[in-house]
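Colleague: Sending over query_20.pdb (PDB, C-alpha atoms and all ligand atoms).
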```pdb
ATOM      1  CA  MET A  16     113.475  96.117 154.603  1.00  0.00           C
ATOM      2  CA  LYS A  17     115.180  98.520 152.221  1.00  0.00           C
ATOM      3  CA  PHE A  18     114.230 102.192 152.372  1.00  0.00           C
ATOM      4  CA  PHE A  19     113.971 104.187 149.154  1.00  0.00           C
ATOM      5  CA  VAL A  20     112.951 107.847 149.079  1.00  0.00           C
ATOM      6  CA  ASP A  21     110.301 108.878 146.565  1.00  0.00           C
ATOM      7  CA  THR A  22     111.405 112.298 145.356  1.00  0.00           C
ATOM      8  CA  ALA A  23     113.466 114.133 142.745  1.00  0.00           C
ATOM      9  CA  GLU A  24     114.491 116.888 145.197  1.00  0.00           C
ATOM     10  CA  ILE A  25     118.246 116.857 145.829  1.00  0.00           C
ATOM     11  CA  GLU A  26     118.427 118.289 149.363  1.00  0.00           C
ATOM     12  CA  PRO A  27     116.108 115.767 151.047  1.00  0.00           C
ATOM     13  CA  ILE A  28     117.975 112.971 149.261  1.00  0.00           C
ATOM     14  CA  ARG A  29     121.338 114.277 150.532  1.00  0.00           C
ATOM     15  CA  GLU A  30     119.961 114.635 154.053  1.00  0.00           C
ATOM     16  CA  LEU A  31     118.585 111.075 154.145  1.00  0.00           C
ATOM     17  CA  ALA A  32     121.690 109.610 152.466  1.00  0.00           C
ATOM     18  CA  ALA A  33     123.769 111.165 155.275  1.00  0.00           C
ATOM     19  CA  THR A  34     121.873 109.034 157.834  1.00  0.00           C
ATOM     20  CA  GLY A  35     123.299 105.895 156.212  1.00  0.00           C
ATOM     21  CA  LEU A  36     119.778 104.441 156.126  1.00  0.00           C
ATOM     22  CA  LEU A  37     118.863 105.214 152.532  1.00  0.00           C
ATOM     23  CA  ASP A  38     119.042 102.310 150.079  1.00  0.00           C
ATOM     24  CA  GLY A  39     117.757 103.930 146.886  1.00  0.00           C
ATOM     25  CA  VAL A  40     115.568 106.550 145.212  1.00  0.00           C
ATOM     26  CA  THR A  41     112.429 106.397 143.095  1.00  0.00           C
ATOM     27  CA  THR A  42     111.273 109.124 140.740  1.00  0.00           C
ATOM     28  CA  ASN A  43     108.436 109.380 138.257  1.00  0.00           C
ATOM     29  CA  PRO A  44     107.424 111.980 135.643  1.00  0.00           C
ATOM     30  CA  SER A  45     105.240 113.844 138.174  1.00  0.00           C
ATOM     31  CA  LEU A  46     108.104 114.121 140.674  1.00  0.00           C
ATOM     32  CA  ILE A  47     110.472 115.312 137.918  1.00  0.00           C
ATOM     33  CA  ALA A  48     107.916 117.976 136.911  1.00  0.00           C
ATOM     34  CA  LYS A  49     107.558 119.028 140.564  1.00  0.00           C
ATOM     35  CA  SER A  50     111.347 119.416 140.897  1.00  0.00           C
ATOM     36  CA  GLY A  51     111.423 121.790 137.913  1.00  0.00           C
ATOM     37  CA  ARG A  52     114.759 120.235 136.933  1.00  0.00           C
ATOM     38  CA  ASP A  53     116.043 118.705 133.701  1.00  0.00           C
ATOM     39  CA  PHE A  54     115.314 114.944 133.843  1.00  0.00           C
ATOM     40  CA  MET A  55     118.759 113.748 132.722  1.00  0.00           C
ATOM     41  CA  GLU A  56     120.622 116.267 134.822  1.00  0.00           C
ATOM     42  CA  VAL A  57     118.720 115.622 138.065  1.00  0.00           C
ATOM     43  CA  THR A  58     118.852 111.835 137.583  1.00  0.00           C
ATOM     44  CA  ARG A  59     122.648 111.999 137.110  1.00  0.00           C
ATOM     45  CA  GLU A  60     122.964 114.088 140.257  1.00  0.00           C
ATOM     46  CA  ILE A  61     120.832 111.670 142.313  1.00  0.00           C
ATOM     47  CA  CYS A  62     122.832 108.677 141.029  1.00  0.00           C
ATOM     48  CA  GLY A  63     125.957 110.367 142.352  1.00  0.00           C
ATOM     49  CA  ILE A  64     124.491 110.744 145.852  1.00  0.00           C
ATOM     50  CA  VAL A  65     123.206 107.202 146.461  1.00  0.00           C
ATOM     51  CA  ASP A  66     124.878 103.905 145.589  1.00  0.00           C
ATOM     52  CA  GLY A  67     121.602 101.957 145.397  1.00  0.00           C
ATOM     53  CA  PRO A  68     119.026 101.811 142.595  1.00  0.00           C
ATOM     54  CA  VAL A  69     117.642 105.093 141.255  1.00  0.00           C
ATOM     55  CA  SER A  70     114.421 104.556 139.313  1.00  0.00           C
ATOM     56  CA  ALA A  71     114.001 106.657 136.177  1.00  0.00           C
ATOM     57  CA  GLU A  72     110.766 106.184 134.245  1.00  0.00           C
ATOM     58  CA  VAL A  73     110.248 105.865 130.499  1.00  0.00           C
ATOM     59  CA  VAL A  74     107.358 107.860 129.043  1.00  0.00           C
ATOM     60  CA  ALA A  75     106.806 106.060 125.724  1.00  0.00           C
ATOM     61  CA  LEU A  76     103.908 103.630 125.511  1.00  0.00           C
ATOM     62  CA  ASP A  77     105.244 101.314 122.786  1.00  0.00           C
ATOM     63  CA  HIS A  78     107.981  98.729 123.281  1.00  0.00           C
ATOM     64  CA  ALA A  79     110.337  99.992 120.549  1.00  0.00           C
ATOM     65  CA  THR A  80     110.366 103.564 121.858  1.00  0.00           C
ATOM     66  CA  MET A  81     110.569 102.391 125.486  1.00  0.00           C
ATOM     67  CA  MET A  82     113.741 100.498 124.540  1.00  0.00           C
ATOM     68  CA  LYS A  83     115.197 103.632 122.925  1.00  0.00           C
ATOM     69  CA  GLU A  84     114.398 105.731 125.993  1.00  0.00           C
ATOM     70  CA  ALA A  85     115.819 103.056 128.302  1.00  0.00           C
ATOM     71  CA  GLU A  86     119.006 103.052 126.240  1.00  0.00           C
ATOM     72  CA  VAL A  87     119.442 106.775 126.934  1.00  0.00           C
ATOM     73  CA  LEU A  88     118.536 106.500 130.616  1.00  0.00           C
ATOM     74  CA  ARG A  89     120.710 103.516 131.485  1.00  0.00           C
ATOM     75  CA  LYS A  90     123.768 105.339 130.143  1.00  0.00           C
ATOM     76  CA  ILE A  91     123.384 107.938 132.919  1.00  0.00           C
ATOM     77  CA  ALA A  92     124.928 105.696 135.594  1.00  0.00           C
ATOM     78  CA  ASP A  93     125.314 102.040 136.585  1.00  0.00           C
ATOM     79  CA  ASN A  94     122.737 102.392 139.377  1.00  0.00           C
ATOM     80  CA  VAL A  95     119.899 103.570 137.138  1.00  0.00           C
ATOM     81  CA  CYS A  96     116.885 101.269 137.359  1.00  0.00           C
ATOM     82  CA  ILE A  97     114.534 101.641 134.395  1.00  0.00           C
ATOM     83  CA  LYS A  98     110.933 102.126 135.427  1.00  0.00           C
ATOM     84  CA  VAL A  99     108.254 100.856 133.048  1.00  0.00           C
ATOM     85  CA  PRO A 100     104.465 100.838 133.376  1.00  0.00           C
ATOM     86  CA  LEU A 101     102.565  97.610 133.888  1.00  0.00           C
ATOM     87  CA  THR A 102     101.325  97.187 130.324  1.00  0.00           C
ATOM     88  CA  VAL A 103     101.994  94.563 127.656  1.00  0.00           C
ATOM     89  CA  ASP A 104     104.651  96.788 126.079  1.00  0.00           C
ATOM     90  CA  GLY A 105     106.064  97.676 129.490  1.00  0.00           C
ATOM     91  CA  LEU A 106     106.510  94.016 130.383  1.00  0.00           C
ATOM     92  CA  LYS A 107     108.025  93.216 126.964  1.00  0.00           C
ATOM     93  CA  THR A 108     110.505  95.988 127.673  1.00  0.00           C
ATOM     94  CA  CYS A 109     111.084  94.637 131.182  1.00  0.00           C
ATOM     95  CA  LYS A 110     111.892  91.162 129.847  1.00  0.00           C
ATOM     96  CA  ALA A 111     114.290  92.535 127.237  1.00  0.00           C
ATOM     97  CA  LEU A 112     116.109  94.868 129.629  1.00  0.00           C
ATOM     98  CA  THR A 113     116.498  92.427 132.526  1.00  0.00           C
ATOM     99  CA  GLY A 114     117.732  89.868 129.979  1.00  0.00           C
ATOM    100  CA  GLU A 115     120.534  92.325 129.247  1.00  0.00           C
ATOM    101  CA  GLY A 116     121.320  92.746 132.956  1.00  0.00           C
ATOM    102  CA  THR A 117     119.573  96.115 133.433  1.00  0.00           C
ATOM    103  CA  MET A 118     117.523  96.642 136.612  1.00  0.00           C
ATOM    104  CA  VAL A 119     113.814  97.224 135.967  1.00  0.00           C
ATOM    105  CA  ASN A 120     111.111  98.547 138.281  1.00  0.00           C
ATOM    106  CA  VAL A 121     107.586  97.783 137.030  1.00  0.00           C
ATOM    107  CA  THR A 122     105.301 100.549 138.219  1.00  0.00           C
ATOM    108  CA  LEU A 123     101.573 101.282 138.505  1.00  0.00           C
ATOM    109  CA  CYS A 124     100.723  97.806 139.819  1.00  0.00           C
ATOM    110  CA  PHE A 125      97.222  97.521 141.268  1.00  0.00           C
ATOM    111  CA  SER A 126      96.539  93.764 141.252  1.00  0.00           C
ATOM    112  CA  SER A 127      98.233  90.544 142.307  1.00  0.00           C
ATOM    113  CA  ASN A 128      97.867  89.126 138.807  1.00  0.00           C
ATOM    114  CA  GLN A 129      99.731  92.145 137.425  1.00  0.00           C
ATOM    115  CA  ALA A 130     102.470  91.462 139.984  1.00  0.00           C
ATOM    116  CA  LEU A 131     102.589  87.818 138.869  1.00  0.00           C
ATOM    117  CA  LEU A 132     103.068  88.947 135.257  1.00  0.00           C
ATOM    118  CA  ALA A 133     105.860  91.337 136.250  1.00  0.00           C
ATOM    119  CA  ALA A 134     107.698  88.565 138.106  1.00  0.00           C
ATOM    120  CA  LYS A 135     107.364  86.290 135.075  1.00  0.00           C
ATOM    121  CA  ALA A 136     108.833  89.116 132.981  1.00  0.00           C
ATOM    122  CA  GLY A 137     111.880  89.085 135.292  1.00  0.00           C
ATOM    123  CA  ALA A 138     111.258  92.444 136.987  1.00  0.00           C
ATOM    124  CA  SER A 139     113.839  93.445 139.584  1.00  0.00           C
ATOM    125  CA  PHE A 140     111.120  95.349 141.485  1.00  0.00           C
ATOM    126  CA  ILE A 141     107.318  95.451 141.391  1.00  0.00           C
ATOM    127  CA  SER A 142     105.733  98.687 142.622  1.00  0.00           C
ATOM    128  CA  PRO A 143     102.196  98.233 143.994  1.00  0.00           C
ATOM    129  CA  PHE A 144     100.741 101.684 144.816  1.00  0.00           C
ATOM    130  CA  VAL A 145      99.160 101.181 148.241  1.00  0.00           C
ATOM    131  CA  GLY A 146      98.033 104.778 148.859  1.00  0.00           C
ATOM    132  CA  ARG A 147      96.190 105.067 145.553  1.00  0.00           C
ATOM    133  CA  HIS A 148      94.685 101.635 146.215  1.00  0.00           C
ATOM    134  CA  ASP A 149      93.362 102.883 149.584  1.00  0.00           C
ATOM    135  CA  ASP A 150      92.079 106.087 147.910  1.00  0.00           C
ATOM    136  CA  ASN A 151      89.877 103.963 145.688  1.00  0.00           C
ATOM    137  CA  GLY A 152      88.202 101.984 148.444  1.00  0.00           C
ATOM    138  CA  PHE A 153      90.519  98.957 148.475  1.00  0.00           C
ATOM    139  CA  ASP A 154      93.037  97.902 151.113  1.00  0.00           C
ATOM    140  CA  GLY A 155      96.514  98.417 149.691  1.00  0.00           C
ATOM    141  CA  MET A 156      98.021  96.116 152.293  1.00  0.00           C
ATOM    142  CA  ASP A 157      95.809  93.173 151.231  1.00  0.00           C
ATOM    143  CA  LEU A 158      97.483  93.538 147.863  1.00  0.00           C
ATOM    144  CA  ILE A 159     100.960  93.417 149.425  1.00  0.00           C
ATOM    145  CA  GLU A 160     100.023  90.303 151.435  1.00  0.00           C
ATOM    146  CA  ASP A 161      98.770  88.530 148.322  1.00  0.00           C
ATOM    147  CA  ILE A 162     101.831  89.428 146.268  1.00  0.00           C
ATOM    148  CA  ARG A 163     104.125  88.224 149.099  1.00  0.00           C
ATOM    149  CA  LEU A 164     102.249  84.898 149.167  1.00  0.00           C
ATOM    150  CA  ILE A 165     102.409  84.435 145.402  1.00  0.00           C
ATOM    151  CA  TYR A 166     106.085  85.362 145.116  1.00  0.00           C
ATOM    152  CA  ASP A 167     106.988  83.024 147.983  1.00  0.00           C
ATOM    153  CA  ASN A 168     104.946  80.185 146.442  1.00  0.00           C
ATOM    154  CA  TYR A 169     107.153  80.279 143.371  1.00  0.00           C
ATOM    155  CA  ASN A 170     110.388  81.683 144.806  1.00  0.00           C
ATOM    156  CA  PHE A 171     110.273  84.672 142.460  1.00  0.00           C
ATOM    157  CA  ALA A 172     113.315  86.914 142.944  1.00  0.00           C
ATOM    158  CA  THR A 173     111.338  90.087 142.098  1.00  0.00           C
ATOM    159  CA  GLU A 174     111.430  92.448 145.078  1.00  0.00           C
ATOM    160  CA  ILE A 175     108.153  93.885 146.362  1.00  0.00           C
ATOM    161  CA  LEU A 176     108.619  97.669 146.451  1.00  0.00           C
ATOM    162  CA  VAL A 177     105.698  99.184 148.351  1.00  0.00           C
ATOM    163  CA  ALA A 178     104.979 102.539 146.676  1.00  0.00           C
ATOM    164  CA  SER A 179     102.527 105.402 147.108  1.00  0.00           C
ATOM    165  CA  VAL A 180     103.250 105.220 150.835  1.00  0.00           C
ATOM    166  CA  ARG A 181     101.414 108.027 152.620  1.00  0.00           C
ATOM    167  CA  HIS A 182     102.115 107.518 156.350  1.00  0.00           C
ATOM    168  CA  VAL A 183     104.189 105.576 158.866  1.00  0.00           C
ATOM    169  CA  THR A 184     101.503 102.914 159.377  1.00  0.00           C
ATOM    170  CA  HIS A 185     101.942 101.882 155.740  1.00  0.00           C
ATOM    171  CA  VAL A 186     105.654 101.356 156.481  1.00  0.00           C
ATOM    172  CA  LEU A 187     104.923  99.291 159.597  1.00  0.00           C
ATOM    173  CA  GLN A 188     102.353  97.129 157.816  1.00  0.00           C
ATOM    174  CA  ALA A 189     104.677  96.581 154.847  1.00  0.00           C
ATOM    175  CA  ALA A 190     107.475  95.494 157.202  1.00  0.00           C
ATOM    176  CA  LYS A 191     105.157  93.082 159.074  1.00  0.00           C
ATOM    177  CA  ILE A 192     104.104  91.481 155.801  1.00  0.00           C
ATOM    178  CA  GLY A 193     107.741  91.153 154.746  1.00  0.00           C
ATOM    179  CA  ALA A 194     107.851  93.501 151.757  1.00  0.00           C
ATOM    180  CA  ASP A 195     111.404  93.842 150.462  1.00  0.00           C
ATOM    181  CA  VAL A 196     111.441  97.610 149.940  1.00  0.00           C
ATOM    182  CA  MET A 197     109.273 100.629 150.642  1.00  0.00           C
ATOM    183  CA  THR A 198     109.545 103.996 148.953  1.00  0.00           C
ATOM    184  CA  ALA A 199     108.123 107.023 150.728  1.00  0.00           C
ATOM    185  CA  PRO A 200     108.245 110.823 150.552  1.00  0.00           C
ATOM    186  CA  PRO A 201     111.006 112.359 152.741  1.00  0.00           C
ATOM    187  CA  LYS A 202     108.492 113.501 155.377  1.00  0.00           C
ATOM    188  CA  VAL A 203     107.213 109.969 156.008  1.00  0.00           C
ATOM    189  CA  ILE A 204     110.780 108.677 156.456  1.00  0.00           C
ATOM    190  CA  HIS A 205     111.545 111.509 158.904  1.00  0.00           C
ATOM    191  CA  ASP A 206     108.297 110.723 160.770  1.00  0.00           C
ATOM    192  CA  LEU A 207     109.567 107.176 161.400  1.00  0.00           C
ATOM    193  CA  PHE A 208     112.196 108.543 163.790  1.00  0.00           C
ATOM    194  CA  LYS A 209     109.700 110.411 165.924  1.00  0.00           C
ATOM    195  CA  HIS A 210     108.063 109.455 169.204  1.00  0.00           C
ATOM    196  CA  VAL A 211     106.713 111.862 171.811  1.00  0.00           C
ATOM    197  CA  LEU A 212     108.142 109.702 174.631  1.00  0.00           C
ATOM    198  CA  THR A 213     111.608 109.817 173.054  1.00  0.00           C
ATOM    199  CA  ASP A 214     111.465 113.645 173.080  1.00  0.00           C
ATOM    200  CA  LYS A 215     110.088 113.686 176.606  1.00  0.00           C
ATOM    201  CA  GLY A 216     112.710 111.186 177.778  1.00  0.00           C
ATOM    202  CA  ILE A 217     115.575 113.271 176.373  1.00  0.00           C
ATOM    203  CA  GLU A 218     114.136 116.363 178.021  1.00  0.00           C
ATOM    204  CA  GLY A 219     113.994 114.608 181.412  1.00  0.00           C
ATOM    205  CA  PHE A 220     117.484 113.088 181.150  1.00  0.00           C
ATOM    206  CA  LEU A 221     119.013 116.431 180.147  1.00  0.00           C
ATOM    207  CA  ALA A 222     117.277 118.250 183.006  1.00  0.00           C
ATOM    208  CA  ASP A 223     118.623 115.713 185.525  1.00  0.00           C
ATOM    209  CA  TRP A 224     122.080 115.744 183.921  1.00  0.00           C
ATOM    210  CA  ALA A 225     122.252 119.524 184.304  1.00  0.00           C
ATOM    211  CA  LYS A 226     121.648 119.078 188.044  1.00  0.00           C
ATOM    212  CA  THR A 227     124.819 116.936 188.328  1.00  0.00           C
ATOM    213  CA  GLY A 228     126.978 119.827 187.092  1.00  0.00           C
ATOM    214  CA  GLN A 229     129.100 117.309 185.137  1.00  0.00           C
ATOM    215  CA  SER A 230     130.191 117.224 181.479  1.00  0.00           C
ATOM    216  CA  ILE A 231     131.392 114.345 179.346  1.00  0.00           C
ATOM    217  CA  LEU A 232     133.789 116.410 177.234  1.00  0.00           C
TER     218      LEU A 232
HETATM  219  O1  LIG B 301     106.140 105.740 144.152  1.00  0.00           O
HETATM  220  C1  LIG B 301     104.920 106.094 143.566  1.00  0.00           C
HETATM  221  C2  LIG B 301     104.463 107.368 144.102  1.00  0.00           C
HETATM  222  O2  LIG B 301     105.262 108.423 143.636  1.00  0.00           O
HETATM  223  C3  LIG B 301     103.033 107.654 143.912  1.00  0.00           C
HETATM  224  O3  LIG B 301     102.641 108.224 145.088  1.00  0.00           O
HETATM  225  O4  LIG B 301     101.283 109.575 146.573  1.00  0.00           O
HETATM  226  O5  LIG B 301     101.314 110.053 144.098  1.00  0.00           O
HETATM  227  O6  LIG B 301     100.184 108.030 144.966  1.00  0.00           O
HETATM  228  P1  LIG B 301     101.269 109.021 145.176  1.00  0.00           P
END
```
The structure given in the file should be rewritten as structure tokens.
Ligand code: G3P
Modeller:
Amino acid sequence: MKFFVDTAEIEPIRELAATGLLDGVTTNPSLIAKSGRDFMEVTREICGIVDGPVSAEVVALDHATMMKEAEVLRKIADNVCIKVPLTVDGLKTCKALTGEGTMVNVTLCFSSNQALLAAKAGASFISPFVGRHDDNGFDGMDLIEDIRLIYDNYNFATEILVASVRHVTHVLQAAKIGADVMTAPPKVIHDLFKHVLTDKGIEGFLADWAKTGQSIL
């Protein structure tokens, strides 16, 4: 499963990229606002840090203006992936852009039928928001299971990008279902490394090693 980080903050992106485990970045207008940075400038900087897809979202609601915005955004770097909302105009834009060889991430997906439409529109990625689904009394992971089934039934190439990930259990469940990608805030990715028994084990090994009086270097 590919790991994307869901942030527009440069330092956490650099830190995770240095692990060699980061496959891409997702941003959205809220994350850009939170960063306090200029959209174009911060997107260019992120594209220079990671080789994989960097999602940058259009804000227009009509197809013609979405295309104009996408034209500006895709000039930033070759790894920009245009993010469009799951609307009629968003999917028209998706079809046009992927037809021209531009990566597209269709966002704000909350149903399997929406995911089916996005795949038919040639989306590179579909972003079902599992956390917001859970918040509203549904099970976000049921949605991922259904989308996996539908995409496999028809061999759609669209990658399932599990978004709105809130905790490590979401990551585990997404991996068990066979989602292609998950995008999570930096903290959730850092939490994946942690286990109390790993810390305790290191502590015990180091204490015993000290008793030997030896050194490797
Ligand atoms: O990737 C989508 C994500 O940014 C939304 O997450 O936590 O605001 O639902 P959240």
Colleague: Starting from the displayed file, determine the output of the PyMOL selection byres (((not hetatm)) within 8 of (chain B and resi 301)) and express the residue list as a PyMOL selection string.
Modeller: chain A and resi 21-22+41-43+45-46+122-123+142+144-147+177-181+198-200
Colleague: List as a PyMOL selection string the protein and nucleic acid residues near A:Asp161, meaning an atom at most 10 Å away when all atoms listed in the file are counted, but skip any in the same chain fewer than 3 places from it.
Modeller: chain A and resi 126-128+130+156-158+164-167+192
Colleague: For the provided coordinates, the residues matched by the PyMOL selection byres (((chain A and resi 59) around 12) and not hetatm) should be stated as a list in words.
Modeller: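 For this structure, the PyMOL selection byres (((chain A and resi 59) around 12) and not hetatm) captures Ala23, Ile25, Arg52, Asp53, Phe54, Met55, Glu56, Val57, Thr58, Glu60, Ile61, Cys62, Gly63, Ile64, Val65, Asp66, Val69, Ser70, Ala71, Val87, Leu88, Arg89, Lys90, Ile91, Ala92, Asp93, Asn94 and Val95 of chain A.
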Colleague: Would you mind listing what lies within 8 Å of A:Leu106 as a list of chain:residue names, with all atoms listed in the file counted and same-chain residues fewer than 3 positions away left out?
Modeller: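 Counting all atoms listed in the file, the residues come to A:Val99, A:Pro100, A:Leu101, A:Thr102, A:Val103, A:Cys109, A:Lys110, A:Val121, A:Leu132, A:Ala133, A:Ala136.
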Colleague: Show which residues sit within 10 Å of A:Thr184, as a list in words. Count all atoms listed in the file, and ignore same-chain residues fewer than 6 positions away.
Modeller: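 Here the answer would be Ala190, Val203 and Leu207 of chain A.
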Colleague: Find the distance between atom CA of A:Lys135 and atom CA of A:Val40 and write it in Å to one decimal.
Modeller: 24.1 Å
Colleague: Counting all atoms listed in the file, which of A:Thr113, A:Gln229, A:Gln188, A:Asn151 gets nearest to A:Thr173?
Modeller: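 Between A:Thr113, A:Gln229, A:Gln188, A:Asn151, the residue approaching A:Thr173 most closely is A:Thr113.
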Colleague: Which value, in Å to one decimal, gives the distance between atom CA of A:Cys96 and atom CA of A:His205?
Modeller: 24.4 Å
Colleague: A:Lys191, A:Lys202, A:Arg163, A:His148: which is nearest A:Ala134, counting all atoms listed in the file?
Modeller: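 Nearest candidate to A:Ala134 out of A:Lys191, A:Lys202, A:Arg163, A:His148: A:Arg163.
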Colleague: One decimal, in Å: what's the spacing between atom CA of A:Glu84 and atom CA of A:Met118?
Modeller: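 Separation of atom CA of A:Glu84 and atom CA of A:Met118: 14.3 Å.
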Colleague: Considering all atoms listed in the file, state which residue in the set A:Met82, A:Ile204, A:Ala111, A:Ile141 is at the smallest distance from A:Ile28.
Modeller: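 Residue with the minimum atom-to-atom distance to A:Ile28: A:Ile204.
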Colleague: Select, from A:Gly228, A:Pro68, A:Gly155, A:Gly35, the residue with the minimum atom-to-atom distance to A:Cys124, counting all atoms listed in the file.
Modeller: A:Gly155
Colleague: Nearest residue to A:Asn120 out of A:Ile162, A:Leu176, A:Ala85, A:Ala75, using all atoms listed in the file?
Modeller: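 Nearest to A:Asn120: A:Leu176.
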